[in-house]
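model03.csv follows; it contains CSV, C-alpha atoms and all ligand atoms.
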chain,number,residue,atom,x,y,z
A,1325,MET,CA,100.2,-84.9,-56.7
A,1326,ALA,CA,101.2,-84.1,-53.1
A,1327,ASN,CA,100.2,-80.8,-51.4
A,1328,THR,CA,102.7,-78.1,-50.8
A,1329,LEU,CA,102.4,-77.2,-47.1
A,1330,PHE,CA,103.4,-74.0,-45.4
A,1331,ARG,CA,103.4,-74.2,-41.6
A,1332,LYS,CA,106.0,-71.7,-40.6
A,1333,GLY,CA,105.3,-68.7,-42.6
A,1334,LEU,CA,106.3,-67.9,-46.2
A,1335,GLY,CA,109.5,-65.9,-45.6
A,1336,LEU,CA,107.8,-62.6,-46.2
A,1337,LYS,CA,107.3,-61.4,-42.6
A,1338,HIS,CA,109.1,-58.1,-43.2
A,1339,ALA,CA,107.5,-57.5,-46.5
A,1340,VAL,CA,104.0,-57.4,-45.0
A,1341,GLU,CA,104.8,-55.6,-41.8
A,1342,GLY,CA,103.8,-52.2,-43.3
A,1343,GLU,CA,100.4,-53.5,-44.4
A,1344,LEU,CA,99.7,-55.1,-41.0
A,1345,LEU,CA,100.5,-51.8,-39.3
A,1346,ARG,CA,98.3,-49.9,-41.7
A,1347,ASP,CA,95.3,-52.2,-41.2
A,1348,TYR,CA,95.5,-53.1,-37.5
A,1349,HIS,CA,97.7,-50.7,-35.5
A,1350,SER,CA,96.4,-47.8,-33.4
A,1351,SER,CA,98.7,-45.0,-32.2
A,1352,LEU,CA,96.1,-44.0,-29.7
A,1353,VAL,CA,96.1,-47.5,-28.1
A,1354,SER,CA,99.9,-47.5,-28.1
A,1355,LYS,CA,99.9,-44.2,-26.3
A,1356,ILE,CA,97.4,-45.5,-23.7
A,1357,ARG,CA,99.6,-48.6,-23.2
A,1358,ASP,CA,102.5,-46.3,-22.6
A,1359,SER,CA,100.5,-44.2,-20.1
A,1360,ASP,CA,99.8,-47.0,-17.7
A,1361,TYR,CA,96.7,-48.1,-19.7
A,1362,GLN,CA,94.8,-44.9,-18.8
A,1363,HIS,CA,93.4,-42.2,-21.0
A,1364,SER,CA,91.5,-39.1,-19.9
A,1365,ALA,CA,89.5,-36.7,-22.1
A,1366,GLY,CA,87.4,-34.1,-20.3
A,1367,ARG,CA,85.1,-35.8,-17.8
A,1368,LEU,CA,85.9,-39.3,-19.3
A,1369,THR,CA,88.6,-41.6,-17.9
A,1370,ILE,CA,89.2,-44.9,-19.7
A,1371,HIS,CA,91.1,-47.8,-18.3
A,1372,LEU,CA,92.3,-50.6,-20.5
A,1373,ALA,CA,92.9,-54.1,-19.2
A,1374,GLN,CA,96.6,-54.8,-19.3
A,1375,GLU,CA,96.1,-57.8,-21.6
A,1376,PHE,CA,93.6,-57.5,-24.4
A,1377,GLY,CA,93.3,-57.8,-28.2
A,1378,PHE,CA,95.3,-59.9,-30.7
A,1379,CYS,CA,96.9,-63.0,-29.1
A,1380,TYR,CA,100.0,-64.7,-30.5
A,1381,GLY,CA,97.9,-67.3,-32.4
A,1382,VAL,CA,95.8,-64.6,-34.2
A,1383,ASP,CA,98.8,-62.4,-34.8
A,1384,ARG,CA,100.5,-65.3,-36.6
A,1385,ALA,CA,97.4,-66.4,-38.6
A,1386,VAL,CA,96.8,-62.9,-39.9
A,1387,ASP,CA,100.5,-62.4,-40.7
A,1388,TYR,CA,100.5,-65.7,-42.7
A,1389,ALA,CA,97.4,-64.7,-44.6
A,1390,TYR,CA,99.0,-61.4,-45.7
A,1391,GLN,CA,102.2,-63.3,-46.6
A,1392,THR,CA,100.2,-65.8,-48.6
A,1393,ARG,CA,98.5,-63.0,-50.6
A,1394,ARG,CA,101.9,-61.4,-51.2
A,1395,ARG,CA,103.6,-64.7,-52.2
A,1396,PHE,CA,100.9,-65.8,-54.6
A,1397,PRO,CA,99.6,-62.6,-56.2
A,1398,ASP,CA,98.3,-64.4,-59.3
A,1399,LYS,CA,96.8,-67.5,-57.7
A,1400,THR,CA,93.3,-68.0,-56.3
A,1401,VAL,CA,93.6,-67.9,-52.5
A,1402,PHE,CA,90.9,-69.4,-50.3
A,1403,LEU,CA,90.3,-69.4,-46.6
A,1404,THR,CA,88.3,-72.4,-45.4
A,1405,GLY,CA,86.1,-69.9,-43.4
A,1406,GLU,CA,86.7,-67.0,-41.1
A,1407,ILE,CA,90.4,-66.9,-40.2
A,1408,ILE,CA,89.5,-65.6,-36.8
A,1409,HIS,CA,86.3,-64.4,-35.4
A,1410,ASN,CA,86.6,-60.7,-36.2
A,1411,PRO,CA,84.5,-59.0,-38.9
A,1412,HIS,CA,87.0,-56.3,-39.5
A,1413,VAL,CA,89.9,-58.7,-40.1
A,1414,ASN,CA,87.8,-61.0,-42.3
A,1415,SER,CA,86.6,-58.1,-44.4
A,1416,ARG,CA,90.2,-56.9,-44.9
A,1417,LEU,CA,91.1,-60.3,-46.3
A,1418,ARG,CA,88.1,-60.3,-48.6
A,1419,ASP,CA,89.2,-56.9,-49.8
A,1420,ALA,CA,92.6,-58.4,-50.6
A,1421,GLY,CA,90.8,-60.8,-52.9
A,1422,ILE,CA,90.8,-63.9,-50.6
A,1423,ARG,CA,87.8,-66.0,-51.1
A,1424,PHE,CA,85.9,-67.9,-48.3
A,1425,LEU,CA,85.0,-71.5,-48.9
A,1426,SER,CA,82.3,-71.1,-46.3
A,1427,ASP,CA,80.4,-68.6,-48.5
A,1428,PRO,CA,77.1,-69.9,-50.0
A,1429,ASN,CA,78.4,-69.9,-53.5
A,1430,GLU,CA,81.8,-71.6,-52.7
A,1431,ASN,CA,82.8,-75.1,-51.7
A,1432,ILE,CA,85.8,-77.4,-51.6
A,1433,ASP,CA,84.9,-78.9,-55.0
A,1434,SER,CA,85.9,-75.6,-56.7
A,1435,VAL,CA,89.5,-75.8,-55.3
A,1436,THR,CA,92.0,-76.9,-57.9
A,1437,ALA,CA,95.6,-78.1,-57.6
A,1438,ASP,CA,96.7,-74.6,-58.7
A,1439,ASP,CA,95.0,-72.9,-55.8
A,1440,VAL,CA,96.1,-71.9,-52.3
A,1441,VAL,CA,94.0,-72.6,-49.2
A,1442,ILE,CA,94.7,-71.0,-45.8
A,1443,LEU,CA,93.6,-73.0,-42.7
A,1444,PRO,CA,92.4,-70.8,-39.8
A,1445,ALA,CA,93.9,-70.3,-36.3
A,1446,PHE,CA,91.4,-72.7,-34.8
A,1447,GLY,CA,92.1,-75.5,-37.3
A,1448,ILE,CA,89.8,-77.6,-39.4
A,1449,THR,CA,88.4,-81.1,-39.0
A,1450,VAL,CA,90.3,-84.2,-40.1
A,1451,ALA,CA,87.6,-84.8,-42.7
A,1452,GLU,CA,87.9,-81.3,-44.2
A,1453,LEU,CA,91.7,-81.7,-44.3
A,1454,SER,CA,91.4,-85.0,-46.1
A,1455,LEU,CA,89.1,-83.4,-48.8
A,1456,LEU,CA,91.6,-80.5,-49.3
A,1457,THR,CA,94.5,-83.0,-49.5
A,1458,ASP,CA,92.6,-84.8,-52.3
A,1459,ARG,CA,92.5,-81.5,-54.2
A,1460,SER,CA,96.4,-81.4,-54.2
A,1461,CYS,CA,96.3,-77.6,-53.6
A,1462,THR,CA,98.9,-75.6,-51.7
A,1463,LEU,CA,98.0,-75.4,-48.0
A,1464,VAL,CA,99.0,-72.6,-45.6
A,1465,ASP,CA,98.3,-74.0,-42.1
A,1466,THR,CA,97.9,-71.3,-39.4
A,1467,THR,CA,96.5,-73.6,-36.8
A,1468,CYS,CA,97.6,-72.2,-33.4
A,1469,GLY,CA,100.1,-74.3,-31.4
A,1470,SER,CA,97.8,-74.1,-28.4
A,1471,VAL,CA,95.1,-75.8,-30.4
A,1472,LEU,CA,97.5,-78.5,-31.7
A,1473,ASN,CA,98.4,-79.1,-28.0
A,1474,VAL,CA,94.7,-79.9,-27.3
A,1475,TRP,CA,94.6,-82.2,-30.3
A,1476,LYS,CA,97.6,-84.1,-29.0
A,1477,ASN,CA,96.0,-84.7,-25.7
A,1478,VAL,CA,92.6,-85.7,-27.2
A,1479,LYS,CA,94.3,-88.2,-29.5
A,1480,LYS,CA,96.2,-89.7,-26.5
A,1481,TYR,CA,93.0,-90.1,-24.6
A,1482,ALA,CA,91.5,-91.9,-27.6
A,1483,ARG,CA,94.5,-94.2,-28.0
A,1484,ASP,CA,94.4,-95.1,-24.3
A,1485,GLY,CA,90.6,-95.9,-24.4
A,1486,TYR,CA,89.3,-92.7,-22.7
A,1487,THR,CA,86.4,-90.7,-24.2
A,1488,ALA,CA,87.4,-87.1,-24.8
A,1489,VAL,CA,85.0,-84.9,-22.9
A,1490,ILE,CA,85.4,-81.4,-24.4
A,1491,HIS,CA,84.2,-78.3,-22.6
A,1492,GLY,CA,83.3,-76.2,-25.6
A,1493,LYS,CA,80.6,-74.9,-27.9
A,1494,VAL,CA,79.3,-77.6,-30.2
A,1495,LYS,CA,79.2,-75.4,-33.3
A,1496,HIS,CA,82.6,-73.7,-32.8
A,1497,GLU,CA,85.1,-74.6,-35.5
A,1498,GLU,CA,87.8,-75.3,-32.9
A,1499,THR,CA,85.6,-77.7,-31.0
A,1500,GLN,CA,84.5,-79.5,-34.1
A,1501,ALA,CA,88.2,-79.8,-35.2
A,1502,THR,CA,89.2,-81.1,-31.7
A,1503,ALA,CA,86.3,-83.6,-31.6
A,1504,SER,CA,87.3,-84.9,-35.1
A,1505,GLN,CA,90.8,-85.7,-33.7
A,1506,ALA,CA,89.2,-88.1,-31.1
A,1507,ILE,CA,87.3,-90.1,-33.7
A,1508,ALA,CA,90.3,-90.2,-36.1
A,1509,VAL,CA,91.7,-92.8,-33.7
A,1510,ASP,CA,90.2,-96.3,-33.9
A,1511,GLY,CA,87.4,-96.6,-31.4
A,1512,GLY,CA,87.8,-93.0,-30.3
A,1513,GLN,CA,84.7,-91.3,-28.8
A,1514,TYR,CA,83.9,-87.7,-27.7
A,1515,LEU,CA,81.2,-85.8,-25.8
A,1516,ILE,CA,81.0,-82.0,-25.9
A,1517,VAL,CA,79.6,-80.2,-22.8
A,1518,LEU,CA,78.8,-76.5,-22.7
A,1519,ASP,CA,78.3,-75.7,-19.1
A,1520,ARG,CA,77.7,-76.9,-15.5
A,1521,GLU,CA,74.1,-77.6,-16.2
A,1522,GLU,CA,74.9,-80.2,-18.9
A,1523,VAL,CA,77.8,-81.6,-16.8
A,1524,GLU,CA,75.3,-82.2,-13.9
A,1525,ILE,CA,73.3,-84.5,-16.2
A,1526,VAL,CA,76.4,-86.4,-17.4
A,1527,CYS,CA,77.7,-86.8,-13.9
A,1528,ASP,CA,74.3,-88.1,-12.7
A,1529,PHE,CA,74.6,-90.7,-15.4
A,1530,ILE,CA,78.1,-91.6,-14.3
A,1531,ARG,CA,76.8,-92.1,-10.8
A,1532,GLY,CA,74.3,-94.6,-12.1
A,1533,HIS,CA,71.2,-92.4,-12.4
A,1534,GLY,CA,69.3,-91.6,-15.6
A,1535,ASP,CA,68.8,-93.8,-18.7
A,1536,SER,CA,70.6,-94.1,-22.0
A,1537,ASN,CA,67.6,-93.1,-24.1
A,1538,SER,CA,67.1,-89.7,-22.5
A,1539,PHE,CA,70.9,-89.2,-22.4
A,1540,GLN,CA,71.1,-89.9,-26.2
A,1541,LYS,CA,68.2,-87.6,-26.9
A,1542,ARG,CA,69.7,-84.7,-24.8
A,1543,PHE,CA,73.2,-85.0,-26.3
A,1544,SER,CA,72.4,-86.2,-29.8
A,1545,ASN,CA,74.3,-83.3,-31.4
A,1546,SER,CA,77.2,-83.4,-29.0
A,1547,VAL,CA,78.5,-86.9,-29.1
A,1548,SER,CA,80.4,-89.1,-31.6
A,1549,ARG,CA,78.4,-91.5,-33.8
A,1550,HIS,CA,77.6,-94.8,-32.0
A,1551,PHE,CA,78.3,-93.2,-28.6
A,1552,ASP,CA,77.0,-95.4,-25.9
A,1553,PRO,CA,76.9,-93.6,-22.5
A,1554,LYS,CA,77.0,-96.8,-20.5
A,1555,ARG,CA,80.2,-97.9,-22.3
A,1556,ASP,CA,81.8,-94.6,-23.1
A,1557,LEU,CA,81.4,-92.8,-19.8
A,1558,ARG,CA,83.4,-95.3,-17.9
A,1559,ARG,CA,86.7,-93.7,-18.8
A,1560,VAL,CA,86.8,-90.0,-19.6
A,1561,GLY,CA,89.6,-87.5,-20.4
A,1562,LEU,CA,88.9,-83.8,-20.0
A,1563,ALA,CA,89.9,-81.1,-22.5
A,1564,ASN,CA,88.7,-77.6,-23.3
A,1565,GLN,CA,88.1,-75.4,-26.3
A,1566,THR,CA,91.1,-73.1,-25.7
A,1567,THR,CA,88.9,-70.0,-25.2
A,1568,MET,CA,86.5,-71.1,-22.5
A,1569,LEU,CA,86.1,-69.5,-19.1
A,1570,MET,CA,88.9,-70.9,-17.0
A,1571,SER,CA,86.9,-70.9,-13.7
A,1572,GLU,CA,84.1,-72.8,-15.4
A,1573,SER,CA,86.5,-75.4,-17.0
A,1574,LEU,CA,88.1,-76.0,-13.6
A,1575,ALA,CA,84.7,-76.5,-11.9
A,1576,ILE,CA,83.6,-78.9,-14.7
A,1577,ALA,CA,86.8,-81.0,-14.4
A,1578,GLU,CA,86.2,-81.2,-10.6
A,1579,MET,CA,82.6,-82.3,-11.1
A,1580,PHE,CA,83.7,-85.2,-13.4
A,1581,ARG,CA,86.4,-86.2,-10.9
A,1582,ASP,CA,84.0,-86.2,-8.0
A,1583,ALA,CA,81.4,-88.3,-10.0
A,1584,MET,CA,84.1,-90.8,-11.0
A,1585,ILE,CA,85.3,-91.1,-7.4
A,1586,GLU,CA,81.8,-91.6,-6.2
A,1587,ARG,CA,81.2,-94.3,-8.8
A,1588,TYR,CA,84.6,-96.2,-8.8
A,1589,GLY,CA,86.3,-95.1,-5.6
A,1590,ASP,CA,89.4,-93.0,-4.9
A,1591,LEU,CA,91.9,-95.8,-5.6
A,1592,LEU,CA,90.7,-96.5,-9.1
A,1593,ILE,CA,90.3,-92.8,-10.2
A,1594,ASP,CA,93.3,-92.9,-12.6
A,1595,ASP,CA,91.7,-95.7,-14.5
A,1596,HIS,CA,88.5,-93.7,-15.1
A,1597,TYR,CA,89.5,-90.0,-15.2
A,1598,ARG,CA,92.2,-87.9,-16.8
A,1599,ALA,CA,92.4,-84.1,-17.2
A,1600,PHE,CA,94.7,-81.8,-19.0
A,1601,GLU,CA,94.4,-78.0,-18.7
A,1602,THR,CA,93.9,-76.8,-22.3
A,1603,ILE,CA,92.8,-73.2,-21.9
A,1604,CYS,CA,95.4,-71.3,-23.8
A,1605,SER,CA,97.7,-68.9,-21.9
A,1606,ALA,CA,96.5,-65.9,-24.0
A,1607,THR,CA,92.9,-66.6,-23.0
A,1608,GLN,CA,93.9,-67.0,-19.4
A,1609,ASP,CA,96.0,-63.8,-19.4
A,1610,ARG,CA,93.0,-61.8,-20.8
A,1611,GLN,CA,90.6,-63.2,-18.2
A,1612,ASP,CA,93.1,-62.6,-15.4
A,1613,ALA,CA,93.8,-59.0,-16.6
A,1614,VAL,CA,90.1,-58.1,-16.7
A,1615,GLN,CA,89.5,-59.5,-13.2
A,1616,ARG,CA,92.4,-57.4,-11.9
A,1617,LEU,CA,91.0,-54.3,-13.6
A,1618,LEU,CA,87.6,-54.9,-12.0
A,1619,ASP,CA,89.3,-55.5,-8.6
A,1620,GLU,CA,91.2,-52.2,-8.9
A,1621,GLN,CA,88.5,-49.8,-10.1
A,1622,ASP,CA,84.8,-49.0,-9.8
A,1623,PHE,CA,83.4,-48.4,-13.3
A,1624,ASP,CA,80.3,-46.8,-14.6
A,1625,PHE,CA,80.3,-49.6,-17.2
A,1626,MET,CA,82.6,-51.9,-19.1
A,1627,ILE,CA,82.9,-52.1,-22.9
A,1628,VAL,CA,84.0,-55.4,-24.3
A,1629,ILE,CA,85.0,-55.4,-28.0
A,1630,GLY,CA,85.0,-58.4,-30.3
A,1631,GLY,CA,83.1,-60.5,-32.8
A,1632,TYR,CA,79.8,-61.8,-31.5
A,1633,ASN,CA,80.9,-65.3,-32.5
A,1634,SER,CA,84.2,-64.9,-30.6
A,1635,SER,CA,84.1,-67.3,-27.7
A,1636,ASN,CA,86.9,-65.7,-25.7
A,1637,THR,CA,85.3,-62.2,-26.1
A,1638,ARG,CA,82.0,-63.5,-24.9
A,1639,ASN,CA,83.7,-65.0,-21.9
A,1640,LEU,CA,85.4,-61.7,-21.1
A,1641,ALA,CA,81.9,-60.1,-21.2
A,1642,ARG,CA,80.5,-62.7,-18.9
A,1643,ILE,CA,83.3,-62.0,-16.3
A,1644,CYS,CA,82.6,-58.3,-16.5
A,1645,ALA,CA,78.8,-58.6,-16.4
A,1646,GLU,CA,79.0,-60.4,-13.0
A,1647,ARG,CA,80.5,-57.2,-11.5
A,1648,VAL,CA,79.2,-54.1,-13.5
A,1649,ASP,CA,77.0,-53.0,-16.4
A,1650,THR,CA,78.7,-54.5,-19.5
A,1651,TYR,CA,78.2,-53.9,-23.2
A,1652,HIS,CA,79.7,-56.4,-25.6
A,1653,ILE,CA,80.0,-54.6,-28.9
A,1654,ALA,CA,81.2,-56.0,-32.2
A,1655,ASP,CA,82.8,-52.8,-33.4
A,1656,PRO,CA,82.8,-49.0,-32.8
A,1657,LYS,CA,79.8,-48.5,-35.1
A,1658,CYS,CA,77.7,-50.2,-32.4
A,1659,LEU,CA,78.1,-47.0,-30.4
A,1660,LEU,CA,75.2,-45.3,-32.1
A,1661,SER,CA,74.8,-42.0,-30.3
A,1662,VAL,CA,75.0,-40.3,-26.9
A,1663,GLU,CA,71.8,-42.2,-26.0
A,1664,GLN,CA,72.0,-45.5,-27.7
A,1665,LEU,CA,74.3,-48.4,-28.4
A,1666,ARG,CA,73.9,-51.9,-30.0
A,1667,HIS,CA,75.4,-54.9,-28.1
A,1668,LEU,CA,75.1,-58.6,-27.6
A,1669,PRO,CA,73.5,-59.7,-24.3
A,1670,THR,CA,76.2,-61.2,-22.1
A,1671,THR,CA,74.8,-64.7,-21.4
A,1672,HIS,CA,77.0,-67.5,-22.8
A,1673,LYS,CA,73.8,-69.1,-24.1
A,1674,ALA,CA,72.9,-66.1,-26.3
A,1675,ASP,CA,72.4,-67.5,-29.7
A,1676,VAL,CA,74.0,-64.9,-32.0
A,1677,LYS,CA,71.7,-65.8,-34.9
A,1678,ASN,CA,68.4,-66.1,-33.1
A,1679,LEU,CA,68.8,-63.6,-30.2
A,1680,GLY,CA,71.1,-61.2,-32.0
A,1681,GLU,CA,72.2,-57.9,-30.8
A,1682,VAL,CA,69.9,-55.5,-28.9
A,1683,THR,CA,69.8,-51.8,-28.7
A,1684,SER,CA,70.0,-50.2,-25.2
A,1685,SER,CA,69.5,-46.6,-24.2
A,1686,GLY,CA,71.1,-44.5,-21.4
A,1687,TRP,CA,74.5,-46.2,-21.6
A,1688,LEU,CA,76.5,-42.9,-21.1
A,1689,PRO,CA,76.0,-40.9,-17.8
A,1690,THR,CA,75.0,-37.4,-18.8
A,1691,GLN,CA,76.5,-35.7,-15.7
A,1692,GLY,CA,79.7,-35.9,-13.7
A,1693,PRO,CA,82.8,-37.9,-14.3
A,1694,ILE,CA,82.6,-41.1,-16.3
A,1695,ASN,CA,84.9,-44.0,-15.5
A,1696,VAL,CA,84.9,-46.7,-18.2
A,1697,GLY,CA,86.8,-50.0,-18.4
A,1698,ILE,CA,87.6,-51.5,-21.7
A,1699,THR,CA,88.9,-54.9,-22.9
A,1700,ALA,CA,88.9,-56.7,-26.2
A,1701,GLY,CA,88.9,-60.3,-27.3
A,1702,ALA,CA,91.9,-62.1,-28.7
A,1703,SER,CA,90.8,-61.5,-32.3
A,1704,THR,CA,90.2,-57.8,-32.0
A,1705,PRO,CA,92.9,-55.6,-33.5
A,1706,ASP,CA,94.1,-52.4,-31.8
A,1707,ILE,CA,92.7,-50.2,-34.6
A,1708,ILE,CA,89.1,-51.2,-33.6
A,1709,VAL,CA,89.8,-50.6,-29.9
A,1710,GLY,CA,91.2,-47.1,-30.8
A,1711,GLU,CA,88.2,-46.2,-32.9
A,1712,ALA,CA,85.9,-47.3,-30.1
A,1713,ILE,CA,87.8,-45.1,-27.6
A,1714,ASP,CA,87.6,-42.1,-30.0
A,1715,ARG,CA,83.8,-42.6,-30.3
A,1716,ILE,CA,83.3,-42.9,-26.6
A,1717,SER,CA,85.3,-39.7,-26.1
A,1718,ASP,CA,83.3,-37.8,-28.7
A,1719,PHE,CA,80.0,-38.9,-27.3
A,1720,SER,CA,81.0,-38.1,-23.7
A,1721,ALA,CA,82.1,-34.6,-24.8
A,1722,ALA,CA,78.8,-34.1,-26.8
A,1723,SER,CA,76.6,-35.3,-23.9
A,1724,ILE,CA,77.8,-32.4,-21.7
A,1725,PHE,CA,76.0,-30.0,-24.0
A,1726,ARG,CA,72.8,-32.0,-23.9
A,1727,SER,CA,72.6,-32.3,-20.1
A,1801,LIG,S1,93.0,-67.7,-28.4
A,1801,LIG,FE1,94.6,-69.1,-27.8
A,1801,LIG,S2,94.4,-70.9,-29.0
A,1801,LIG,FE2,93.2,-69.3,-30.0
A,1801,LIG,S3,94.5,-68.5,-31.5
A,1801,LIG,FE3,94.8,-67.2,-29.7
A,1801,LIG,S4,96.5,-68.2,-28.6
A,1801,LIG,FE4,95.8,-69.7,-30.1

Show me the file's structure as structure tokens.
Amino acid sequence: MANTLFRKGLGLKHAVEGELLRDYHSSLVSKIRDSDYQHSAGRLTIHLAQEFGFCYGVDRAVDYAYQTRRRFPDKTVFLTGEIIHNPHVNSRLRDAGIRFLSDPNENIDSVTADDVVILPAFGITVAELSLLTDRSCTLVDTTCGSVLNVWKNVKKYARDGYTAVIHGKVKHEETQATASQAIAVDGGQYLIVLDREEVEIVCDFIRGHGDSNSFQKRFSNSVSRHFDPKRDLRRVGLANQTTMLMSESLAIAEMFRDAMIERYGDLLIDDHYRAFETICSATQDRQDAVQRLLDEQDFDFMIVIGGYNSSNTRNLARICAERVDTYHIADPKCLLSVEQLRHLPTTHKADVKNLGEVTSSGWLPTQGPINVGITAGASTPDIIVGEAIDRISDFSAASIFRS
């Protein structure tokens, strides 16, 4: 039996509007937006970045999930995993009875033809899609158009005989899904690189230094099966996970270009190197907005709000941390007291599972005016930003009495 597939919503946009407002809207944040992104309370002044929070892809994915629940009230509805990287949103969907195939007691085998499965904004791998197709279930595909655009480019690279070099995080669902598109094409290969340090090693190899064995060892988890660096690094096409740091992606593309020119010469560069900018516009807008905010103001500290496994949030935190004390918090409850808060260190290499969040003291100045900058990742709803602002306001008022 063929799957029923929904890609453009389920015709219930207006029916779920109220629920979405109730679960994700913040009147405080709307008020701050209308007040030139500024908010003052006593000695505290808060400045919001002009672009933050839910992006178009996340907005749509969450909307479709609510529409799905409404359209199929009596069916079992699954998500393949987190719909987006935000704990608040995922827990709301769990509360609505949506089950997660990524949970330890769930798997694709338990999906029947009568069930509905929602695919997340960052997409799923070709292999996972094939398994779901075999179950003949109803599919609601919320894969973001910007992710589909990356897939289109990666498939073209593979068809033209170029290895897809993906600047991304190996374990990120989107990067896994993108890599799977490369190998779905006959002879397609991929290599995933995290940062400049890794790219240095790859570029050294392209220039003719280094040996295949150490290369294979270093990148064993980041390449396609049967990847042969001697063969597969002769022609490369660059792509990104859509939520990476733009400045780093551009630098990485340049490094590959330079290495290829050094190896094969300027005239033959097009035969060995291709690039296509695949950072999505929402990610770019949020990174630009926070840079502008940091250019315009001196802050006592920045608060960056978003899931710890949210790549775009972590990159916003990295941008801020280069300029000012920065705390990446997952939600308002991380603001523990006037003295303490929990947060994730801002290095891009911080392993959420192993390093985890840390508790810091003395985050809030106890005397004088406090100037705070705030931004939030593309998967953070306004309601969470509003609650964080309320908490900072309460603590800054309380800290006066203690000083
Ligand atoms: S961050 Fe970009 S690619 Fe990801 S869902 Fe949002 S708009 Fe789409």

Each residue of chain A lying at most 6 Å from ligand LIG 1801 (chain A) should get a row with its shortest atom-to-atom pair and the distance in Å to one decimal, counting all atoms listed in the file; could you produce that, ordered by chain and increasing number, as a tab-separated table?
residue	atom	partner	partner_atom	distance
A:Cys1379	CA	A:LIG1801	FE3	4.7
A:Tyr1380	CA	A:LIG1801	S4	5.3
A:Gly1381	CA	A:LIG1801	S3	3.7
A:Val1382	CA	A:LIG1801	S3	4.9
A:Ala1445	CA	A:LIG1801	S3	5.2
A:Cys1468	CA	A:LIG1801	FE4	4.5
A:Ser1470	CA	A:LIG1801	S2	4.7
A:Val1471	CA	A:LIG1801	S2	5.1
A:Thr1566	CA	A:LIG1801	S2	5.2
A:Thr1567	CA	A:LIG1801	S1	5.7
A:Cys1604	CA	A:LIG1801	FE1	4.6
A:Ala1606	CA	A:LIG1801	S4	5.1
A:Thr1607	CA	A:LIG1801	S1	5.5
A:Ala1702	CA	A:LIG1801	S1	5.7

Please build the interface table for region 1584-1697 of chain A against region 1362-1367 of chain A with a cut-off of 12 Å, listing for each qualifying residue the nearest atom pair and the distance in Å to one decimal; count only C-alpha atoms, order rows by chain and increasing number, and write it as a tab-separated table.
residue	atom	partner	partner_atom	distance
A:Leu1617	CA	A:Gln1362	CA	11.4
A:Gln1621	CA	A:Gln1362	CA	11.8
A:Leu1688	CA	A:Arg1367	CA	11.6
A:Pro1689	CA	A:Arg1367	CA	10.4
A:Thr1690	CA	A:Arg1367	CA	10.3
A:Gln1691	CA	A:Arg1367	CA	8.9
A:Gly1692	CA	A:Arg1367	CA	6.8
A:Pro1693	CA	A:Arg1367	CA	4.7
A:Ile1694	CA	A:Arg1367	CA	6.0
A:Asn1695	CA	A:Arg1367	CA	8.5
A:Val1696	CA	A:His1363	CA	10.0
A:Gly1697	CA	A:Gln1362	CA	9.5

Of the candidates A:Arg1542, A:His1491, A:Arg1555, A:Tyr1588, which shows the shortest atom-to-atom distance to Met1570 (chain A), using all atoms listed in the file?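 For Met1570 (chain A), the nearest of the candidates is A:His1491.
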
Could you tell me how far CA of Phe1600 (chain A) sits from CA of Tyr1481 (chain A), in Å to one decimal place? 10.2 Å

How many Å lie between CA of Val1413 (chain A) and CA of Gln1374 (chain A), rounded to one decimal?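 Going from CA of Val1413 (chain A) over to CA of Gln1374 (chain A) covers 22.2 Å.
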
Can you tell me, as an NGL selection string, what residues are no more than 12 Å from Val1614 (chain A) when counting only C-alpha atoms, ignoring any on the same chain fewer than 5 positions away? :A and (1371-1377 or 1607-1609 or 1619-1621 or 1626-1628 or 1637 or 1639-1647 or 1697-1701)

With all atoms listed in the file as the counted atoms, please give the residues lying no more than 10 Å from region 1432-1434 of chain A, apart from itself and same-chain residues fewer than 2 positions off, as a compact mmCIF listing (two decimals) with C-alpha atoms, in the frame of the given file.
# COMPACT_ATOMS: atom_id res chain seq x y z
CA PHE A 1402 90.90 -69.40 -50.30
CA THR A 1404 88.30 -72.40 -45.40
CA LEU A 1425 85.00 -71.50 -48.90
CA SER A 1426 82.30 -71.10 -46.30
CA ASN A 1429 78.40 -69.90 -53.50
CA GLU A 1430 81.80 -71.60 -52.70
CA THR A 1436 92.00 -76.90 -57.90
CA ASP A 1439 95.00 -72.90 -55.80
CA VAL A 1441 94.00 -72.60 -49.20
CA GLU A 1452 87.90 -81.30 -44.20
CA LEU A 1455 89.10 -83.40 -48.80
CA LEU A 1456 91.60 -80.50 -49.30
CA ARG A 1459 92.50 -81.50 -54.20

One decimal, in Å: what's the spacing between CA of Ala1385 (chain A) and CA of Asp1519 (chain A)?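 Interatomic distance, CA of Ala1385 (chain A) to CA of Asp1519 (chain A): 28.8 Å.
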
Env of Arg1558 (chain A): 9 Å cut, atoms = all atoms listed in the file, seq-sep filter 2 positions within chain, self excluded. Answer as a VMD selection string. chain A and resid 1486 to 1487 1530 1553 to 1556 1560 1584 1595 to 1597

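The closest residue to Thr1467 (chain A), picked from A:Glu1522, A:Asp1419, A:Asp1383, A:Asp1612 and counting only C-alpha atoms, is A:Asp1383.
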
I'd like to know which of A:Glu1524, A:Asp1360, A:Asp1594, A:Asp1622 is closest to Met1579 (chain A), using all atoms listed in the file.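 Checking each of A:Glu1524, A:Asp1360, A:Asp1594, A:Asp1622 against Met1579 (chain A), counting all atoms listed in the file, the winner is A:Glu1524.
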
With only C-alpha atoms as the atoms that count, which of A:Leu1368, A:Ile1629, A:Ala1437, A:Leu1403 lies nearest to Asn1327 (chain A)?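 Selected residue with least distance to Asn1327 (chain A): A:Ala1437.
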